[in-house]
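Below: entry-v6.tsv (TSV, C-alpha atoms)
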```tsv
chain	number	residue	atom	x	y	z
A	23	MET	CA	0.00	0.00	0.00
A	24	CYS	CA	1.33	3.42	-0.99
A	25	ARG	CA	1.30	6.21	1.57
A	26	VAL	CA	0.26	9.82	1.12
A	27	PHE	CA	1.03	12.74	3.44
A	28	ALA	CA	0.01	16.37	2.91
A	29	TYR	CA	0.49	19.43	5.15
A	30	ILE	CA	-0.58	23.07	5.15
A	31	GLY	CA	0.19	25.55	7.92
A	32	PRO	CA	2.93	27.87	9.12
A	33	GLU	CA	6.34	27.42	7.55
A	34	ILE	CA	8.13	24.70	9.49
A	35	PRO	CA	11.28	22.62	8.93
A	36	LEU	CA	10.61	19.69	6.62
A	37	GLU	CA	12.52	17.36	8.91
A	38	SER	CA	9.77	17.84	11.52
A	39	LEU	CA	7.32	16.45	8.95
A	40	LEU	CA	9.37	13.81	7.12
A	41	LEU	CA	12.24	12.68	9.37
A	42	GLU	CA	11.88	13.30	13.09
A	43	PRO	CA	8.54	11.76	14.16
A	44	GLU	CA	8.78	8.10	15.14
A	45	ASN	CA	5.98	7.33	12.69
A	46	SER	CA	7.29	9.66	9.97
A	47	LEU	CA	6.54	8.92	6.34
A	48	ILE	CA	10.11	7.73	5.78
A	49	ASN	CA	10.06	5.48	8.85
A	50	GLN	CA	6.74	4.01	7.75
A	51	SER	CA	8.38	2.72	4.57
A	52	LEU	CA	10.57	0.47	6.76
A	53	ASP	CA	8.46	-0.06	9.89
A	54	PRO	CA	4.80	0.44	8.92
A	55	GLU	CA	2.11	0.58	11.58
A	56	LEU	CA	-1.37	0.06	10.15
A	57	HIS	CA	-0.44	-1.66	6.90
A	58	PRO	CA	2.48	-4.07	7.42
A	59	HIS	CA	4.02	-4.02	3.94
A	60	LEU	CA	7.30	-2.41	2.94
A	61	GLN	CA	7.30	0.37	0.34
A	62	LEU	CA	10.40	-0.18	-1.76
A	63	ALA	CA	9.51	1.41	-5.10
A	64	GLY	CA	10.58	4.99	-4.45
A	65	TRP	CA	9.33	8.12	-2.82
A	66	GLY	CA	9.19	11.88	-3.27
A	67	PHE	CA	7.77	15.20	-2.15
A	68	GLY	CA	6.72	18.60	-3.43
A	69	ALA	CA	6.92	21.67	-1.18
A	70	TRP	CA	6.22	25.38	-1.38
A	71	SER	CA	8.12	27.92	0.71
A	72	GLU	CA	8.48	31.69	0.73
A	73	HIS	CA	12.22	31.14	1.23
A	74	LEU	CA	12.81	29.37	-2.08
A	75	LEU	CA	14.23	31.36	-4.99
A	76	LYS	CA	11.05	30.49	-6.91
A	77	PRO	CA	8.41	30.54	-4.15
A	78	GLU	CA	5.57	30.26	-6.66
A	79	GLU	CA	6.82	26.84	-7.80
A	80	PRO	CA	6.97	23.59	-5.83
A	81	PHE	CA	10.39	22.24	-4.87
A	82	LEU	CA	10.24	18.69	-6.23
A	83	TYR	CA	12.28	15.72	-5.05
A	84	HIS	CA	12.00	12.16	-6.37
A	85	ARG	CA	14.11	9.09	-5.64
A	86	PRO	CA	13.38	5.64	-7.14
A	87	LYS	CA	14.57	3.69	-4.13
A	88	ALA	CA	13.27	2.86	-0.67
A	89	ALA	CA	12.81	6.05	1.34
A	90	PHE	CA	14.50	4.60	4.44
A	91	TYR	CA	17.56	3.79	2.29
A	92	ASP	CA	17.78	7.21	0.62
A	93	ASP	CA	21.20	8.55	1.54
A	94	ASN	CA	20.30	12.02	0.24
A	95	ALA	CA	17.27	12.56	2.48
A	96	LYS	CA	19.13	13.51	5.65
A	97	GLY	CA	21.36	15.84	3.67
A	98	ILE	CA	18.68	17.75	1.79
A	99	ILE	CA	15.60	17.80	4.02
A	100	PRO	CA	17.14	19.58	7.08
A	101	SER	CA	17.93	22.55	4.81
A	102	LEU	CA	14.32	23.08	3.79
A	103	GLN	CA	11.13	24.42	5.30
A	104	ALA	CA	7.66	24.71	3.86
A	105	SER	CA	4.11	25.91	4.40
A	106	THR	CA	2.64	23.40	1.92
A	107	LEU	CA	3.85	19.83	1.45
A	108	LEU	CA	2.77	16.72	-0.43
A	109	SER	CA	4.83	13.58	0.06
A	110	HIS	CA	4.42	9.96	-1.01
A	111	VAL	CA	6.07	6.57	-0.67
A	112	ARG	CA	5.39	4.13	-3.48
A	113	ALA	CA	4.43	0.49	-3.08
A	114	SER	CA	4.95	-1.67	-6.13
A	115	GLY	CA	5.84	-5.25	-6.85
A	116	TYR	CA	9.27	-6.07	-8.17
A	117	GLN	CA	8.51	-7.40	-11.64
A	118	ALA	CA	9.52	-6.64	-15.20
A	119	SER	CA	6.41	-4.52	-15.85
A	120	VAL	CA	7.18	-2.16	-12.95
A	121	VAL	CA	9.61	0.61	-13.85
A	122	GLN	CA	11.65	2.03	-10.97
A	123	ALA	CA	12.50	5.55	-12.15
A	124	ASP	CA	12.32	9.17	-11.05
A	125	GLU	CA	9.53	9.73	-13.58
A	126	ASN	CA	7.31	7.19	-11.79
A	127	CYS	CA	7.67	8.64	-8.28
A	128	HIS	CA	4.90	10.82	-6.88
A	129	PRO	CA	4.00	13.63	-6.60
A	130	PHE	CA	3.49	14.60	-10.22
A	131	SER	CA	3.69	18.21	-11.36
A	132	PHE	CA	2.88	19.72	-14.78
A	133	GLU	CA	3.30	23.17	-16.25
A	134	GLY	CA	0.07	25.09	-16.70
A	135	THR	CA	-1.38	24.22	-13.29
A	136	ASP	CA	-0.65	24.90	-9.63
A	137	TRP	CA	-1.93	21.45	-8.63
A	138	ILE	CA	0.36	18.53	-7.85
A	139	ILE	CA	-0.94	15.03	-7.18
A	140	ALA	CA	-0.19	11.81	-5.31
A	141	GLN	CA	-2.39	8.81	-4.60
A	142	ASN	CA	-2.75	5.59	-2.71
A	143	GLY	CA	-4.61	3.49	-5.21
A	144	ALA	CA	-4.65	1.97	-8.65
A	145	LEU	CA	-6.55	2.04	-11.92
A	146	PRO	CA	-6.47	-1.55	-13.23
A	147	ASN	CA	-6.16	-2.03	-17.01
A	148	TRP	CA	-5.46	1.65	-17.44
A	149	ARG	CA	-3.39	1.14	-20.59
A	150	LEU	CA	-6.33	-0.60	-22.29
A	151	LEU	CA	-8.83	1.91	-20.89
A	152	GLN	CA	-6.86	4.66	-22.63
A	153	ARG	CA	-8.63	3.67	-25.85
A	154	GLU	CA	-11.69	5.42	-24.44
A	155	LEU	CA	-10.16	7.84	-21.95
A	156	LEU	CA	-7.69	9.55	-24.29
A	157	ALA	CA	-10.62	11.30	-25.95
A	158	HIS	CA	-11.06	13.30	-22.72
A	159	CYS	CA	-7.37	14.27	-22.40
A	160	GLU	CA	-5.96	17.63	-23.46
A	161	ASP	CA	-2.75	17.60	-25.49
A	162	ARG	CA	-1.14	20.27	-23.28
A	163	PHE	CA	-1.17	17.84	-20.35
A	164	LEU	CA	-0.81	14.57	-22.23
A	165	SER	CA	2.39	15.84	-23.88
A	166	GLN	CA	3.98	16.35	-20.44
A	167	MET	CA	3.50	12.73	-19.33
A	168	LYS	CA	6.94	11.14	-18.86
A	169	GLY	CA	6.40	8.00	-16.79
A	170	THR	CA	4.51	4.72	-16.98
A	171	THR	CA	2.15	4.95	-13.99
A	172	ASP	CA	-1.63	5.03	-13.77
A	173	THR	CA	-1.42	7.96	-11.34
A	174	GLU	CA	0.29	10.24	-13.85
A	175	PHE	CA	-2.32	9.32	-16.44
A	176	LEU	CA	-5.10	10.03	-13.92
A	177	TYR	CA	-3.43	13.42	-13.34
A	178	VAL	CA	-3.61	14.14	-17.09
A	179	LEU	CA	-7.25	13.07	-17.21
A	180	LEU	CA	-8.29	15.03	-14.13
A	181	LEU	CA	-6.58	18.25	-15.23
A	182	SER	CA	-8.25	17.90	-18.62
A	183	LEU	CA	-11.68	17.58	-16.98
A	184	LEU	CA	-11.28	20.51	-14.56
A	185	GLU	CA	-13.23	23.63	-15.49
A	186	GLY	CA	-11.88	25.80	-12.68
A	187	ASP	CA	-9.91	25.78	-9.43
A	188	SER	CA	-12.74	26.44	-6.96
A	189	ASP	CA	-13.64	23.70	-4.50
A	190	ALA	CA	-16.91	23.14	-6.37
A	191	ALA	CA	-15.18	22.91	-9.74
A	192	VAL	CA	-12.57	20.48	-8.43
A	193	GLN	CA	-15.28	18.29	-6.90
A	194	GLU	CA	-17.13	18.26	-10.22
A	195	GLY	CA	-13.85	17.33	-11.92
A	196	PHE	CA	-13.37	14.34	-9.63
A	197	GLU	CA	-16.98	13.26	-10.12
A	198	ARG	CA	-16.54	13.45	-13.88
A	199	LEU	CA	-13.25	11.53	-13.59
A	200	LEU	CA	-14.93	8.50	-12.02
A	201	GLU	CA	-17.86	8.78	-14.42
A	202	VAL	CA	-15.69	8.51	-17.54
A	203	ILE	CA	-13.57	5.72	-16.02
A	204	VAL	CA	-16.60	3.58	-15.15
A	205	ALA	CA	-18.11	4.23	-18.59
A	206	ALA	CA	-14.86	3.11	-20.26
A	207	MET	CA	-14.74	-0.02	-18.08
A	208	LYS	CA	-18.27	-0.98	-19.09
A	209	LYS	CA	-17.74	-0.30	-22.78
A	210	LEU	CA	-14.53	-2.36	-22.92
A	211	ASP	CA	-15.77	-5.03	-20.48
A	212	LEU	CA	-12.87	-4.28	-18.12
A	213	ALA	CA	-14.68	-3.66	-14.83
A	214	ALA	CA	-12.36	-4.06	-11.83
A	215	LEU	CA	-12.08	-2.82	-8.27
A	216	THR	CA	-10.56	0.65	-8.48
A	217	LYS	CA	-9.22	2.42	-5.39
A	218	LEU	CA	-8.68	6.17	-5.80
A	219	LYS	CA	-7.44	7.81	-2.60
A	220	ILE	CA	-5.99	11.03	-3.93
A	221	ALA	CA	-4.35	14.17	-2.56
A	222	LEU	CA	-4.45	17.17	-4.87
A	223	VAL	CA	-2.34	20.02	-3.49
A	224	SER	CA	-1.53	23.63	-4.41
A	225	PRO	CA	-0.11	26.46	-2.28
A	226	ASN	CA	-2.08	26.57	1.00
A	227	ARG	CA	-4.72	24.13	-0.30
A	228	ILE	CA	-5.35	20.40	0.00
A	229	ILE	CA	-8.14	18.53	-1.74
A	230	GLY	CA	-8.43	14.97	-0.42
A	231	VAL	CA	-10.59	12.40	-2.19
A	232	ASN	CA	-11.56	8.89	-1.10
A	233	TYR	CA	-13.58	7.00	-3.71
A	234	GLY	CA	-13.56	4.42	-6.49
A	235	CYS	CA	-15.64	1.44	-7.60
A	236	GLY	CA	-16.11	-2.23	-6.74
A	237	HIS	CA	-15.23	-5.42	-8.58
A	238	ALA	CA	-18.13	-5.04	-11.03
A	239	GLY	CA	-17.59	-1.30	-11.55
A	240	GLU	CA	-20.30	-0.38	-9.03
A	241	THR	CA	-19.86	2.89	-7.13
A	242	ASP	CA	-22.40	2.24	-4.37
A	243	VAL	CA	-19.97	0.01	-2.47
A	244	GLU	CA	-20.79	-0.73	1.17
A	245	GLY	CA	-19.24	-2.74	3.99
A	246	ASP	CA	-17.29	-2.61	7.24
A	247	TRP	CA	-13.67	-2.22	6.23
A	248	LYS	CA	-12.41	-3.35	9.64
A	249	ALA	CA	-14.44	-6.56	9.49
A	250	LEU	CA	-13.15	-7.27	5.98
A	251	ARG	CA	-9.49	-6.61	6.83
A	252	PRO	CA	-8.47	-9.96	8.46
A	253	SER	CA	-8.68	-11.88	5.16
A	254	ALA	CA	-5.52	-12.98	3.40
A	255	PRO	CA	-3.69	-10.50	1.14
A	256	GLY	CA	-4.83	-10.82	-2.44
A	257	LYS	CA	-8.35	-11.96	-1.56
A	258	ASP	CA	-11.34	-9.96	-2.78
A	259	ASP	CA	-12.50	-9.03	0.71
A	260	MET	CA	-9.06	-7.65	1.59
A	261	ALA	CA	-9.15	-5.51	-1.55
A	262	LEU	CA	-12.66	-4.34	-0.66
A	263	SER	CA	-11.44	-3.41	2.82
A	264	MET	CA	-8.66	-1.28	1.31
A	265	LEU	CA	-11.20	0.42	-0.95
A	266	LEU	CA	-13.61	1.27	1.88
A	267	GLU	CA	-10.99	2.33	4.43
A	268	PRO	CA	-11.03	6.03	5.41
A	269	MET	CA	-8.36	8.61	4.78
A	270	TYR	CA	-7.42	10.70	7.81
A	271	LEU	CA	-7.26	14.36	8.73
A	272	LEU	CA	-5.63	16.04	11.74
A	273	MET	CA	-6.25	19.73	12.50
A	274	GLY	CA	-5.04	21.90	15.36
A	275	LYS	CA	-2.41	24.42	16.35
A	276	ASN	CA	1.05	24.69	17.93
A	277	PHE	CA	2.41	21.77	15.89
A	278	LEU	CA	6.02	22.63	16.67
A	279	ASP	CA	5.39	22.57	20.42
A	280	HIS	CA	5.21	18.77	20.23
A	281	GLU	CA	8.78	17.79	19.41
A	282	LYS	CA	9.33	14.86	17.06
A	283	SER	CA	5.67	13.89	16.80
A	284	TYR	CA	2.57	14.63	14.76
A	285	LYS	CA	0.62	15.91	17.74
A	286	VAL	CA	-1.17	19.26	17.73
A	287	ASP	CA	-3.15	21.18	20.32
A	288	ALA	CA	-6.87	20.63	19.88
A	289	CYS	CA	-8.90	23.74	19.16
A	290	PRO	CA	-12.46	24.69	18.16
A	291	GLU	CA	-13.54	24.48	14.54
A	292	GLY	CA	-12.23	27.49	12.64
A	293	GLU	CA	-9.21	28.11	14.89
A	294	ALA	CA	-6.85	25.48	13.49
A	295	THR	CA	-3.57	26.77	12.03
A	296	SER	CA	-2.18	23.44	10.73
A	297	ALA	CA	-3.68	20.48	8.91
A	298	ILE	CA	-2.35	17.06	7.92
A	299	PHE	CA	-4.09	14.76	5.43
A	300	ALA	CA	-2.73	11.21	5.43
A	301	SER	CA	-3.30	7.59	4.50
A	302	GLU	CA	-3.48	6.57	8.15
A	303	PRO	CA	-3.53	8.17	11.62
A	304	LEU	CA	0.04	8.96	12.60
A	305	THR	CA	-0.29	9.26	16.37
A	306	GLU	CA	-1.03	6.61	18.99
A	307	ASP	CA	-4.24	8.38	19.96
A	308	GLY	CA	-6.10	7.93	16.69
A	309	ASP	CA	-9.26	9.45	18.16
A	310	GLU	CA	-8.02	12.95	17.36
A	311	TRP	CA	-7.99	12.20	13.64
A	312	ILE	CA	-11.04	12.95	11.49
A	313	GLU	CA	-12.04	10.13	9.14
A	314	ILE	CA	-12.69	11.01	5.50
A	315	GLY	CA	-14.96	8.13	4.55
A	316	PHE	CA	-15.40	6.33	1.26
A	317	GLY	CA	-17.25	8.58	-1.18
A	318	GLU	CA	-16.16	11.82	0.51
A	319	ILE	CA	-14.05	14.79	-0.52
A	320	VAL	CA	-12.40	17.22	1.89
A	321	ALA	CA	-11.29	20.72	0.94
A	322	LEU	CA	-8.76	22.50	3.15
A	323	GLU	CA	-7.51	26.03	2.61
A	324	ARG	CA	-5.25	28.29	4.63
A	325	LYS	CA	-6.19	31.97	4.62
A	326	GLY	CA	-4.06	34.11	6.88
A	327	GLU	CA	-3.34	31.99	9.93
A	328	ARG	CA	-6.55	29.94	9.91
A	329	ILE	CA	-7.53	26.84	7.96
A	330	SER	CA	-11.03	26.20	6.67
A	331	LYS	CA	-12.41	22.70	6.18
A	332	THR	CA	-15.31	21.46	4.09
A	333	VAL	CA	-16.28	17.78	3.78
A	334	ARG	CA	-18.83	16.76	1.17
A	335	LYS	CA	-20.26	13.60	-0.32
A	336	LEU	CA	-19.26	12.96	-3.91
A	337	LYS	CA	-21.96	12.35	-6.48
A	338	MET	CA	-21.02	8.84	-7.55
```

Target encoding structure tokens, full file:
Amino acid sequence: MCRVFAYIGPEIPLESLLLEPENSLINQSLDPELHPHLQLAGWGFGAWSEHLLKPEEPFLYHRPKAAFYDDNAKGIIPSLQASTLLSHVRASGYQASVVQADENCHPFSFEGTDWIIAQNGALPNWRLLQRELLAHCEDRFLSQMKGTTDTEFLYVLLLSLLEGDSDAAVQEGFERLLEVIVAAMKKLDLAALTKLKIALVSPNRIIGVNYGCGHAGETDVEGDWKALRPSAPGKDDMALSMLLEPMYLLMGKNFLDHEKSYKVDACPEGEATSAIFASEPLTEDGDEWIEIGFGEIVALERKGERISKTVRKLKM
């Protein structure tokens, strides 16, 4: 299982987000908590900071090797700070069809948009589905695709479907994305369970999406993900559990007062100054994390010192 981590808030050292916490994203790639599988297929991050020479552009870092074995991480990360971050560790089987390369490490970033993307999920048969989906893709984004991953293709498709950058327009873009995917699956008789747990990030904004479709291409999937989880890896009910599992959100203030952890001080709605969107709760007390359930989209935006949050149901 891939892992996604996004942050918006005051500018803070990146090592406090990626290196120092015991359950940091890099440590999870070696010693995972909730999902006990190693992530050996690479990792990366994109970050915005007022202190970069090009503050309007994300600083991008990709490495096609296990994050815990990246000898550059401890040399580069302590020199950086950011107010917006999207990071990802990639899970992928070691087989001839899987290409380990910089171009296949998340997050992905294209010219012509402020959005960068990372996901924990997969679009099965995406190369065959392109026969139908390419008709929805704009050349200006398709021409920038460099790698061989389904996520980068989903990025092309989503950007092509967006009709604006407002929360409402982005939600409509995601709804249209699933609509055209399911239609292509049905037309080509390629229905398959599709997990799309996506973080779309731009300066001071995070859009988190948790949706997809079941084994037959159905979008009205139901079930108790915890009850389904004990099955053996590779079984249908395990896959269904992974589809239905929530994404997680932590909001609060005074993040840096809690050294080497992901803790924050709880505060009333509307007073939070920091937010973390992640694949799993990253503190021992998981009760402080807000669950973003299957079929939901969360929109986070930092204006001034405060962060607004809106959670909506997707029209699936």

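In this structure, CA of Cys24 in chain A sits 5.7 Å away from CA of Val111 in chain A.
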
Give as a PDB file with C-alpha atoms, in the coordinates of the input the set of residues within 12 Å of the point (-6.2, 32.5, 4.2), where distances use the file's coordinates and all atoms listed in the file.
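Printed below is result.pdb as written:
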```pdb
ATOM      1  CA  ILE A  30      -0.580  23.070   5.150  1.00  0.00           C
ATOM      2  CA  GLY A  31       0.190  25.550   7.920  1.00  0.00           C
ATOM      3  CA  PRO A  32       2.930  27.870   9.120  1.00  0.00           C
ATOM      4  CA  PRO A 225      -0.110  26.460  -2.280  1.00  0.00           C
ATOM      5  CA  ASN A 226      -2.080  26.570   1.000  1.00  0.00           C
ATOM      6  CA  ARG A 227      -4.720  24.130  -0.300  1.00  0.00           C
ATOM      7  CA  GLY A 292     -12.230  27.490  12.640  1.00  0.00           C
ATOM      8  CA  GLU A 293      -9.210  28.110  14.890  1.00  0.00           C
ATOM      9  CA  ALA A 294      -6.850  25.480  13.490  1.00  0.00           C
ATOM     10  CA  THR A 295      -3.570  26.770  12.030  1.00  0.00           C
ATOM     11  CA  SER A 296      -2.180  23.440  10.730  1.00  0.00           C
ATOM     12  CA  LEU A 322      -8.760  22.500   3.150  1.00  0.00           C
ATOM     13  CA  GLU A 323      -7.510  26.030   2.610  1.00  0.00           C
ATOM     14  CA  ARG A 324      -5.250  28.290   4.630  1.00  0.00           C
ATOM     15  CA  LYS A 325      -6.190  31.970   4.620  1.00  0.00           C
ATOM     16  CA  GLY A 326      -4.060  34.110   6.880  1.00  0.00           C
ATOM     17  CA  GLU A 327      -3.340  31.990   9.930  1.00  0.00           C
ATOM     18  CA  ARG A 328      -6.550  29.940   9.910  1.00  0.00           C
ATOM     19  CA  ILE A 329      -7.530  26.840   7.960  1.00  0.00           C
ATOM     20  CA  SER A 330     -11.030  26.200   6.670  1.00  0.00           C
ATOM     21  CA  LYS A 331     -12.410  22.700   6.180  1.00  0.00           C
TER      22      LYS A 331
END
```

With a distance cut-off of 9 Å and all atoms listed in the file, select the neighbouring residues of Ser224 in chain A, excluding the residue or stretch itself and same-chain residues fewer than 2 positions from it, and output the selection as a PDB file with C-alpha atoms, in the coordinates of the input.
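Full text of selection_14.pdb as output:
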```
ATOM      1  CA  TRP A  70       6.220  25.380  -1.380  1.00  0.00           C
ATOM      2  CA  PRO A  80       6.970  23.590  -5.830  1.00  0.00           C
ATOM      3  CA  THR A 106       2.640  23.400   1.920  1.00  0.00           C
ATOM      4  CA  LEU A 107       3.850  19.830   1.450  1.00  0.00           C
ATOM      5  CA  THR A 135      -1.380  24.220 -13.290  1.00  0.00           C
ATOM      6  CA  ASP A 136      -0.650  24.900  -9.630  1.00  0.00           C
ATOM      7  CA  TRP A 137      -1.930  21.450  -8.630  1.00  0.00           C
ATOM      8  CA  ILE A 138       0.360  18.530  -7.850  1.00  0.00           C
ATOM      9  CA  LEU A 222      -4.450  17.170  -4.870  1.00  0.00           C
ATOM     10  CA  ASN A 226      -2.080  26.570   1.000  1.00  0.00           C
ATOM     11  CA  ARG A 227      -4.720  24.130  -0.300  1.00  0.00           C
ATOM     12  CA  ILE A 228      -5.350  20.400   0.000  1.00  0.00           C
ATOM     13  CA  ILE A 229      -8.140  18.530  -1.740  1.00  0.00           C
TER      14      ILE A 229
END
```

Discussion item. Please report the interatomic distance between CA of Ser283 in chain A and CA of Glu318 in chain A in Å with one decimal.
Written reply: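 CA of Glu318 in chain A lies at a distance of 27.3 Å from CA of Ser283 in chain A.
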
Spatial sel., origin (-21.6, 18.4, 1.7), limit 10 Å, all atoms listed in the file, listed as a compact mmCIF listing (two decimals) with C-alpha atoms, in the coordinates of the input:
```
# COMPACT_ATOMS: atom_id res chain seq x y z
CA GLU A 318 -16.16 11.82 0.51
CA ILE A 319 -14.05 14.79 -0.52
CA VAL A 320 -12.40 17.22 1.89
CA THR A 332 -15.31 21.46 4.09
CA VAL A 333 -16.28 17.78 3.78
CA ARG A 334 -18.83 16.76 1.17
CA LYS A 335 -20.26 13.60 -0.32
CA LEU A 336 -19.26 12.96 -3.91
```

Each range 141-196 of chain A residue no farther than 12 Å from range 247-269 of chain A, nearest pair in Å, all atoms listed in the file, as CSV:
```
residue,atom,partner,partner_atom,distance
A:Gln141,CA,A:Met269,CA,11.1
A:Asn142,CA,A:Met269,CA,9.8
A:Gly143,CA,A:Leu265,CA,8.4
A:Ala144,CA,A:Leu265,CA,10.2
```

Worksheet entry | Polymer residues at most 7 Å from Ala214 in chain A, only C-alpha atoms, same-chain spacing of 2 or more positions, as a list in words |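 Residues meeting the cut-off are Pro146, Leu212, Thr216, Gly236, His237, Ala238 and Gly239 of chain A.
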
Worksheet item: Near Lys285 in chain A, within 7 Å and counting all atoms listed in the file, which residues show up once chain neighbours fewer than 4 positions away are dropped, as number ranges by chain?
Response: A: 277, 280, 305

Worksheet item: Hey, can you check how far CA of Lys76 in chain A sits from CA of Glu37 in chain A?
Response: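 According to the coordinates, CA of Lys76 in chain A and CA of Glu37 in chain A are separated by 20.6 Å.
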
Worksheet item: In terms of the shortest atom-to-atom distance over all atoms listed in the file, which of A:Gln152, A:Ser188, A:Thr171, A:Ser105 is closest to Asp124 in chain A?
Response: A:Thr171

Discussion item. Show me, as a ChimeraX atom specification, the residues that have an atom within 12 Å of Glu197 in chain A when counting only C-alpha atoms, minus same-chain residues fewer than 4 positions from it.
Written reply: /A:180,183-184,190-193,201-204,218,231-234,241,317-319,334-338

Item to complete: Would you mind listing what lies within 8 Å of Pro129 in chain A as a ChimeraX atom specification, with only C-alpha atoms counted and same-chain residues fewer than 3 positions away left out?
Response: /A:66-68,108-110,138-140

Worksheet item: Between A:Gly64, A:Gly230, A:Pro86, A:Pro100, which one has atoms that come closest to Ala28 in chain A, using only C-alpha atoms?
Response: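 Nearest to Ala28 in chain A: A:Gly230.
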